[in-house]
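Student: Starting off with a structure, shown below.
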Amino acid sequence: MTKRRTWVYFIPYGLWLALFVIAPVALIIYQSFFDLGQHFTLTNYSTYFRSATYLKMTLNSVWYAFLITLFTGLISYPTAYFIHQLKHRQFWLLLVILPTWINILLKAYAFIGIFSQAGLANQFLTFIGIGPQQILFTNASFIFVATYIQIPFMILPIYNALDDLNPAFVNASKDLGASTWQTFRHVIFPLTLPGVKAGVQAVFIPSLSLFMLTRLIGGNKVITLGTAIEEHFLTTMNWGMGSTIGVVLIVAMIVVMLLTGDQKTKGGTPR
Amino acid sequence: MKHKLANTYLILVFIILYAPIIFLIAYSFSQGETMTNYHGFTWRHYQTLFSDARMLAIVANTLLIALLSSLIATLIGTLGALSITRTTKRVTRESLLTLNNVLMVSPDVIIGASFLIFFTMLKIPLGFGTVLMSHIAFEIPIVVLMVLPRLREMSRSLLDAAQDLGATTRQLLTQVIIPFISPGIFAGFFMALTYSLDDFAVTFFVTGNGFSTLSVEIYSRARQGINLEINALSGVMFLFSLLLVAGYYWIQQASQKRRHRKREVTS
């Protein structure tokens with residue numbers, strides 16, 4: 001009897017699923033088959049796959065997202081590892097999370113000031129004798145700022161993985177005569193790999209679509225998939241082409257999720 | 001020796017994490033007009049900020065959207081989490097969870113663009129309503145994810161006992177389930193609030209011309225160059241997020257303490 005009455009509670013959530021999860025995804029796929037004149041065609045896809053510009057842009061976007069993820073990972077893993085060894089680790093972890101509560105645009109804006117012609121970074125370069133450089137609106141500054149913004153999102157899952165790691169494994173490895181490096185290489189790192197994968201997922205996909213950073217920091221030199229979608233939707237009003245790139249981004253996202261998803265079903269039986 | 005190296009590394013990372021924020025706030029007190037040389041202390045930019053009627057209206061809009069959307073998202077999300085735990089078939093539950101997570105993993109641009117198509121097809125004029133609906137939409141999954149673990153912790157016998165004692169479905173919900181999962185609901189509400197305050201891309205797509213939130217306003221002002229009023233704004237927002245973090249932390253601690261106390265009582 002209770003069962004029959006409680007399904008009413010599902011209605012708002014069910015409506016949300018239908019209207020804001022299923023419908024939008026269906027609509028973006030549907031829209032990708034329409035050209036500017038609202039005719040049903042496949043031209044968007046053929047243009048996309050035949051045009052060197054679009055393909056180059058996609059490759060560029062993936063390449064930059066890869067670099068951002070790589071640098072984020074290289075910085076975050078040791079950070080998570082060292083924080084995990086600290087005494088008041090919960091407090092330090094909170095300090096890692098705190099910057100994520102600050103609006104991303106304010107952080108980007110801060111870097112406009114730091115990287116400007118007479119900004120802090122150039123003052124430093126002048127001080128050490130290199131002299132002022134053009135820093136803002138370069139690819140390097142885009143990667144730097146994107147990495148800066150993503151670091152906390154990589155540290156958190158790695159930290160959680162380290163926290164889940166049973167210290168008995170580490171002790172056993174040391175007792176059996178492994179050096180610190182060997183323990184890390186063969187015990188700690190493989191066991192915390194799920195955390196790294198979760199971090200890659202959390203960083204790589206957003207990095208493909210950071211359009212505000214390419215505008216404010218990259219000076220429109222780097223065009224990511226996200227910038228291209230924004231441009232097609234809000235500037236040139238070519239929604240069909242924008243949706244096509246959107247579908248490409250969704251496919252890229254699914255590929256990344258499949259590559260980094262946990263492969264529990266695949267062998268890996270605990271021995 | 002090795003310890004020292006680790007500490008130096010951590011100090012360096014934390015300096016990099018916080019330098020831009022400190023830099024931003026420090027210059028909000030500078031008498032100059034740019035973020036280059038510090039010209040001495042002043043409250044002037046804060047005065048400009050607090051007398052900027054347009055900016056204040058946008059702040060009010062942003063807070064209204066954040067609070068309203070989080071409240072509604074918390075309500076719908078909690079109901080969703082309740083229905084997900086009630087499902088008996090494993091397949092149904094798994095597919096509901098997968099659908100729930102679609103908006104969690106989708107890039108903001110995709111969410112924004114698809115919502116824009118959606119609203120345009122339904123001929124809903126862009127503005128406050130569409131921004132509110134979009135925020136509710138992308139906040140619901142995080143609420144569900146925050147509430148679900150608490151629901152899983154709840155033991156079946158607790159519900160059976162309540163039912164045996166004659167509780168109606170409504171009583172069961174309001175007097176047993178909701179109090180038990182309330183830490184999850186609060187955590188969900190806070191996460192929804194931060195998601196809303198932090199969002200730029202989705203809002204940017206569905207906001208139209210007349211309506212603006214803080215992120216969108218900062219974006220358009222930052223494109224015009226440095227304006228120390230934005231620095232003052234970031235000072236205020238930093239203070240605000242510190243308060244939010246403190247509030248969130250406090251709720252977590254309180255719920256943990258309560259759990260400990262309960263364990264002491266039961267053991």
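Each chain in the structure tokens gets a letter, A, B and so on, in the order shown; residues start at 1 in every chain, and ligands are counted from 1 in the order they appear.
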Near chain B, meaning an atom within 6 Å, which residues of chain A appear when counting only C-alpha atoms? Write them as a VMD selection string.
Tutor: chain A and resid 9 to 10 13 24 28 103 110 113 118 to 119 206
Student: Output N, CA, C and O atoms for every residue in the selection just made, as a PDB file, in the first residue's frame.
Tutor:
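Output file selection-v4.pdb follows:
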ATOM      1  N   TYR A   9       6.104  10.764  -4.979  1.00  0.00           N
ATOM      2  CA  TYR A   9       7.305  11.526  -4.646  1.00  0.00           C
ATOM      3  C   TYR A   9       8.316  11.523  -5.787  1.00  0.00           C
ATOM      4  O   TYR A   9       9.202  12.359  -5.859  1.00  0.00           O
ATOM      5  N   PHE A  10       8.201  10.537  -6.654  1.00  0.00           N
ATOM      6  CA  PHE A  10       9.164  10.407  -7.736  1.00  0.00           C
ATOM      7  C   PHE A  10       8.890  11.409  -8.862  1.00  0.00           C
ATOM      8  O   PHE A  10       9.782  11.746  -9.622  1.00  0.00           O
ATOM      9  N   TYR A  13      11.317  14.465  -9.500  1.00  0.00           N
ATOM     10  CA  TYR A  13      12.631  13.988  -9.929  1.00  0.00           C
ATOM     11  C   TYR A  13      12.558  13.375 -11.327  1.00  0.00           C
ATOM     12  O   TYR A  13      13.421  13.626 -12.176  1.00  0.00           O
ATOM     13  N   PRO A  24      17.530  17.572 -23.249  1.00  0.00           N
ATOM     14  CA  PRO A  24      18.611  18.402 -23.801  1.00  0.00           C
ATOM     15  C   PRO A  24      19.634  17.610 -24.616  1.00  0.00           C
ATOM     16  O   PRO A  24      20.062  18.065 -25.674  1.00  0.00           O
ATOM     17  N   ILE A  28      20.370  18.284 -28.542  1.00  0.00           N
ATOM     18  CA  ILE A  28      21.651  18.720 -29.117  1.00  0.00           C
ATOM     19  C   ILE A  28      22.028  17.777 -30.259  1.00  0.00           C
ATOM     20  O   ILE A  28      22.589  18.213 -31.281  1.00  0.00           O
ATOM     21  N   ASN A 103      35.208  32.187  -7.080  1.00  0.00           N
ATOM     22  CA  ASN A 103      34.730  32.176  -8.466  1.00  0.00           C
ATOM     23  C   ASN A 103      35.893  32.079  -9.455  1.00  0.00           C
ATOM     24  O   ASN A 103      36.869  32.819  -9.366  1.00  0.00           O
ATOM     25  N   ALA A 110      42.528  37.719 -11.726  1.00  0.00           N
ATOM     26  CA  ALA A 110      43.772  37.961 -10.982  1.00  0.00           C
ATOM     27  C   ALA A 110      44.972  37.767 -11.893  1.00  0.00           C
ATOM     28  O   ALA A 110      45.925  38.545 -11.863  1.00  0.00           O
ATOM     29  N   GLY A 113      45.919  40.577 -14.163  1.00  0.00           N
ATOM     30  CA  GLY A 113      46.764  41.564 -13.490  1.00  0.00           C
ATOM     31  C   GLY A 113      48.191  41.087 -13.330  1.00  0.00           C
ATOM     32  O   GLY A 113      49.141  41.817 -13.611  1.00  0.00           O
ATOM     33  N   ALA A 118      53.109  45.401 -17.068  1.00  0.00           N
ATOM     34  CA  ALA A 118      53.890  45.856 -15.922  1.00  0.00           C
ATOM     35  C   ALA A 118      53.513  45.084 -14.668  1.00  0.00           C
ATOM     36  O   ALA A 118      53.684  45.545 -13.557  1.00  0.00           O
ATOM     37  N   GLY A 119      52.975  43.884 -14.845  1.00  0.00           N
ATOM     38  CA  GLY A 119      52.474  43.111 -13.715  1.00  0.00           C
ATOM     39  C   GLY A 119      53.562  42.436 -12.902  1.00  0.00           C
ATOM     40  O   GLY A 119      54.759  42.560 -13.185  1.00  0.00           O
ATOM     41  N   PRO A 206      36.630  18.966 -18.362  1.00  0.00           N
ATOM     42  CA  PRO A 206      36.434  20.429 -18.301  1.00  0.00           C
ATOM     43  C   PRO A 206      37.493  21.194 -19.095  1.00  0.00           C
ATOM     44  O   PRO A 206      37.205  22.263 -19.636  1.00  0.00           O
TER      45      PRO A 206
END
Student: Region 155-165 of chain A: which residues within 10 Å, counting only C-alpha atoms, same-chain residues fewer than 4 positions away excluded, as an MDAnalysis selection string?
Tutor: chainID A and resid 72:73 75:85 93 96:97 150:151 169:170 187:189 191:200 202
Student: Could you jot down the CA of Phe190 (chain B) to CA of Tyr248 (chain B) separation for me, Å, one decimal place?
Tutor: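 It comes out at 6.8 Å.
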Student: What are the DSSP alpha helix (DSSP H) residues of region 149-266 of chain B, as a ChimeraX atom specification?
Tutor: /B:149-153,156-164,169-171,178-198,201-206,214-223,228-266
Student: Nearest residue to His135 (chain B) out of B:Thr74, B:Ala161, B:Val59, B:Thr120, using only C-alpha atoms?
Tutor: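 Among the listed residues, B:Thr74 lies closest to His135 (chain B).
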Student: Quick one, how far is CA of Ile135 (chain A) from CA of Thr224 (chain A)?
Tutor: 19.5 Å
Student: Excluding Gly127 (chain B) and residues on its chain fewer than 6 positions from it, collect all residues at most 10 Å away from it, counting only C-alpha atoms, and give them as a list of chain:residue names.
Tutor: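 What passes the distance filter is B:Thr203, B:Val206, B:Thr207, B:Gly208, B:Asn209, B:Gly210, B:Phe211, B:Ser212.
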Student: What would the file look like if the residues just selected were written as a compact mmCIF listing (two decimals), in the first residue's frame with N, CA, C and O atoms?
Tutor:
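Generated file (part.txt):
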# COMPACT_ATOMS: atom_id res chain seq x y z
N THR B 203 25.12 29.72 -17.06
CA THR B 203 24.39 30.98 -16.96
C THR B 203 24.62 31.84 -18.20
O THR B 203 23.70 32.45 -18.74
N VAL B 206 22.27 30.88 -21.01
CA VAL B 206 20.81 31.00 -20.91
C VAL B 206 20.35 32.32 -20.32
O VAL B 206 19.18 32.49 -20.01
N THR B 207 21.27 33.30 -20.18
CA THR B 207 20.88 34.49 -19.46
C THR B 207 20.18 35.56 -20.31
O THR B 207 19.45 36.39 -19.79
N GLY B 208 20.37 35.55 -21.62
CA GLY B 208 19.73 36.57 -22.43
C GLY B 208 20.35 37.94 -22.20
O GLY B 208 21.47 38.04 -21.72
N ASN B 209 19.60 39.00 -22.53
CA ASN B 209 20.20 40.33 -22.45
C ASN B 209 19.94 41.08 -21.14
O ASN B 209 20.82 41.71 -20.60
N GLY B 210 18.71 41.00 -20.63
CA GLY B 210 18.34 41.86 -19.52
C GLY B 210 18.89 41.42 -18.17
O GLY B 210 19.05 42.23 -17.27
N PHE B 211 19.18 40.13 -18.02
CA PHE B 211 19.49 39.60 -16.71
C PHE B 211 20.97 39.21 -16.63
O PHE B 211 21.54 38.74 -17.59
N SER B 212 21.57 39.44 -15.45
CA SER B 212 22.99 39.11 -15.31
C SER B 212 23.26 38.60 -13.91
O SER B 212 22.64 39.02 -12.95
Student: Hey, what's within 7 Å of Ala192 (chain B) if we count only C-alpha atoms and toss same-chain stuff fewer than 6 positions away? As JSON, numbers by chain, please?
Tutor: {"B": [70, 139, 142, 143]}
Student: Those residues with C-alpha atoms, as a PDB file, in the first residue's frame please?
Tutor:
ATOM      1  CA  SER B  70      19.397  25.405  -3.990  1.00  0.00           C
ATOM      2  CA  GLU B 139      22.245  21.239  -8.776  1.00  0.00           C
ATOM      3  CA  ILE B 142      24.851  16.748  -6.469  1.00  0.00           C
ATOM      4  CA  VAL B 143      22.053  16.823  -3.864  1.00  0.00           C
TER       5      VAL B 143
END
Student: If we count only C-alpha atoms, what is near Asn238 (chain A) at a cut-off of 12 Å, once residues fewer than 3 positions away on the same chain are taken out, given as a list in words?
Tutor: Gln31, Ser32, Phe33, Phe34, Asp35, Leu36, Gly37, Gln38, Asn44, Ala228, Ile229, Glu230, Glu231, His232, Phe233, Leu234, Thr235, Met241, Gly242, Ser243, Thr244 and Ile245 of chain A; Ala113 and Ile117 of chain B
Student: With N, CA, C and O atoms retained, could you export that selection as a JSON list (two decimals), in the first residue's frame?
Tutor:
[["chain", "number", "residue", "atom", "x", "y", "z"],
["A", 31, "GLN", "N", 19.60, 18.75, -33.13],
["A", 31, "GLN", "CA", 19.97, 20.04, -33.72],
["A", 31, "GLN", "C", 21.20, 19.91, -34.63],
["A", 31, "GLN", "O", 21.34, 20.66, -35.60],
["A", 32, "SER", "N", 22.07, 18.94, -34.33],
["A", 32, "SER", "CA", 23.29, 18.83, -35.11],
["A", 32, "SER", "C", 23.01, 18.39, -36.55],
["A", 32, "SER", "O", 23.89, 18.45, -37.39],
["A", 33, "PHE", "N", 21.77, 17.94, -36.84],
["A", 33, "PHE", "CA", 21.44, 17.54, -38.20],
["A", 33, "PHE", "C", 20.75, 18.64, -38.99],
["A", 33, "PHE", "O", 20.18, 18.39, -40.04],
["A", 34, "PHE", "N", 20.75, 19.88, -38.45],
["A", 34, "PHE", "CA", 20.10, 20.96, -39.18],
["A", 34, "PHE", "C", 21.12, 22.03, -39.57],
["A", 34, "PHE", "O", 21.99, 22.39, -38.77],
["A", 35, "ASP", "N", 20.97, 22.54, -40.81],
["A", 35, "ASP", "CA", 21.88, 23.61, -41.22],
["A", 35, "ASP", "C", 21.24, 24.95, -40.90],
["A", 35, "ASP", "O", 20.18, 25.03, -40.26],
["A", 36, "LEU", "N", 21.87, 26.03, -41.37],
["A", 36, "LEU", "CA", 21.40, 27.38, -41.03],
["A", 36, "LEU", "C", 19.98, 27.63, -41.53],
["A", 36, "LEU", "O", 19.23, 28.40, -40.94],
["A", 37, "GLY", "N", 19.59, 26.99, -42.64],
["A", 37, "GLY", "CA", 18.26, 27.20, -43.18],
["A", 37, "GLY", "C", 17.22, 26.25, -42.61],
["A", 37, "GLY", "O", 16.14, 26.13, -43.16],
["A", 38, "GLN", "N", 17.57, 25.58, -41.51],
["A", 38, "GLN", "CA", 16.66, 24.65, -40.84],
["A", 38, "GLN", "C", 16.27, 23.46, -41.72],
["A", 38, "GLN", "O", 15.14, 22.98, -41.66],
["A", 44, "ASN", "N", 26.62, 19.30, -41.67],
["A", 44, "ASN", "CA", 27.45, 19.73, -40.53],
["A", 44, "ASN", "C", 28.56, 18.74, -40.26],
["A", 44, "ASN", "O", 29.71, 19.11, -40.05],
["A", 228, "ALA", "N", 34.74, 26.96, -29.44],
["A", 228, "ALA", "CA", 34.09, 26.83, -30.75],
["A", 228, "ALA", "C", 32.58, 26.71, -30.57],
["A", 228, "ALA", "O", 31.81, 27.34, -31.32],
["A", 229, "ILE", "N", 32.15, 25.94, -29.58],
["A", 229, "ILE", "CA", 30.70, 25.79, -29.35],
["A", 229, "ILE", "C", 30.09, 27.14, -28.96],
["A", 229, "ILE", "O", 29.07, 27.56, -29.50],
["A", 230, "GLU", "N", 30.76, 27.81, -28.03],
["A", 230, "GLU", "CA", 30.24, 29.10, -27.57],
["A", 230, "GLU", "C", 30.13, 30.07, -28.74],
["A", 230, "GLU", "O", 29.13, 30.76, -28.91],
["A", 231, "GLU", "N", 31.17, 30.09, -29.58],
["A", 231, "GLU", "CA", 31.19, 30.98, -30.74],
["A", 231, "GLU", "C", 30.03, 30.68, -31.68],
["A", 231, "GLU", "O", 29.32, 31.59, -32.12],
["A", 232, "HIS", "N", 29.80, 29.39, -31.98],
["A", 232, "HIS", "CA", 28.73, 29.03, -32.89],
["A", 232, "HIS", "C", 27.35, 29.32, -32.33],
["A", 232, "HIS", "O", 26.44, 29.66, -33.06],
["A", 233, "PHE", "N", 27.21, 29.18, -31.03],
["A", 233, "PHE", "CA", 25.89, 29.38, -30.45],
["A", 233, "PHE", "C", 25.58, 30.86, -30.22],
["A", 233, "PHE", "O", 24.48, 31.31, -30.47],
["A", 234, "LEU", "N", 26.56, 31.60, -29.70],
["A", 234, "LEU", "CA", 26.25, 32.95, -29.25],
["A", 234, "LEU", "C", 26.75, 34.04, -30.19],
["A", 234, "LEU", "O", 26.28, 35.16, -30.13],
["A", 235, "THR", "N", 27.70, 33.75, -31.06],
["A", 235, "THR", "CA", 28.19, 34.80, -31.94],
["A", 235, "THR", "C", 27.69, 34.62, -33.38],
["A", 235, "THR", "O", 26.96, 35.45, -33.90],
["A", 241, "MET", "N", 25.97, 23.69, -36.46],
["A", 241, "MET", "CA", 27.41, 23.38, -36.41],
["A", 241, "MET", "C", 27.88, 23.31, -34.95],
["A", 241, "MET", "O", 28.65, 22.43, -34.59],
["A", 242, "GLY", "N", 27.37, 24.25, -34.14],
["A", 242, "GLY", "CA", 27.73, 24.23, -32.72],
["A", 242, "GLY", "C", 27.35, 22.91, -32.08],
["A", 242, "GLY", "O", 28.12, 22.33, -31.33],
["A", 243, "SER", "N", 26.13, 22.43, -32.40],
["A", 243, "SER", "CA", 25.67, 21.16, -31.83],
["A", 243, "SER", "C", 26.54, 20.00, -32.32],
["A", 243, "SER", "O", 26.82, 19.07, -31.57],
["A", 244, "THR", "N", 26.95, 20.08, -33.60],
["A", 244, "THR", "CA", 27.83, 19.02, -34.12],
["A", 244, "THR", "C", 29.11, 18.94, -33.31],
["A", 244, "THR", "O", 29.53, 17.84, -32.91],
["A", 245, "ILE", "N", 29.72, 20.10, -33.05],
["A", 245, "ILE", "CA", 30.94, 20.10, -32.23],
["A", 245, "ILE", "C", 30.60, 19.61, -30.82],
["A", 245, "ILE", "O", 31.37, 18.89, -30.19],
["B", 113, "ALA", "N", 24.58, 24.95, -23.80],
["B", 113, "ALA", "CA", 24.09, 24.96, -25.19],
["B", 113, "ALA", "C", 22.81, 24.16, -25.31],
["B", 113, "ALA", "O", 21.85, 24.59, -25.96],
["B", 117, "ILE", "N", 19.00, 25.46, -26.45],
["B", 117, "ILE", "CA", 18.14, 24.88, -27.48],
["B", 117, "ILE", "C", 16.78, 24.54, -26.89],
["B", 117, "ILE", "O", 15.73, 24.84, -27.45]]
Student: So which residues touch Gln133 (chain A) within 8 Å, counting only C-alpha atoms, skipping near sequence neighbours fewer than 6 positions away, as a VMD selection string?
Tutor: chain A and resid 117 122 125
Student: Mind writing the picked residues with N, CA and C atoms as a CSV table (one decimal), in the first residue's frame?
Tutor:
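Result file follows (result.csv):
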chain,number,residue,atom,x,y,z
A,117,GLN,N,51.5,43.7,-18.8
A,117,GLN,CA,52.8,44.2,-19.2
A,117,GLN,C,53.7,44.7,-18.0
A,122,ASN,N,56.1,40.1,-14.7
A,122,ASN,CA,57.1,40.8,-15.5
A,122,ASN,C,58.1,41.6,-14.6
A,125,LEU,N,60.6,39.1,-13.7
A,125,LEU,CA,61.5,38.7,-14.8
A,125,LEU,C,62.5,39.9,-15.0
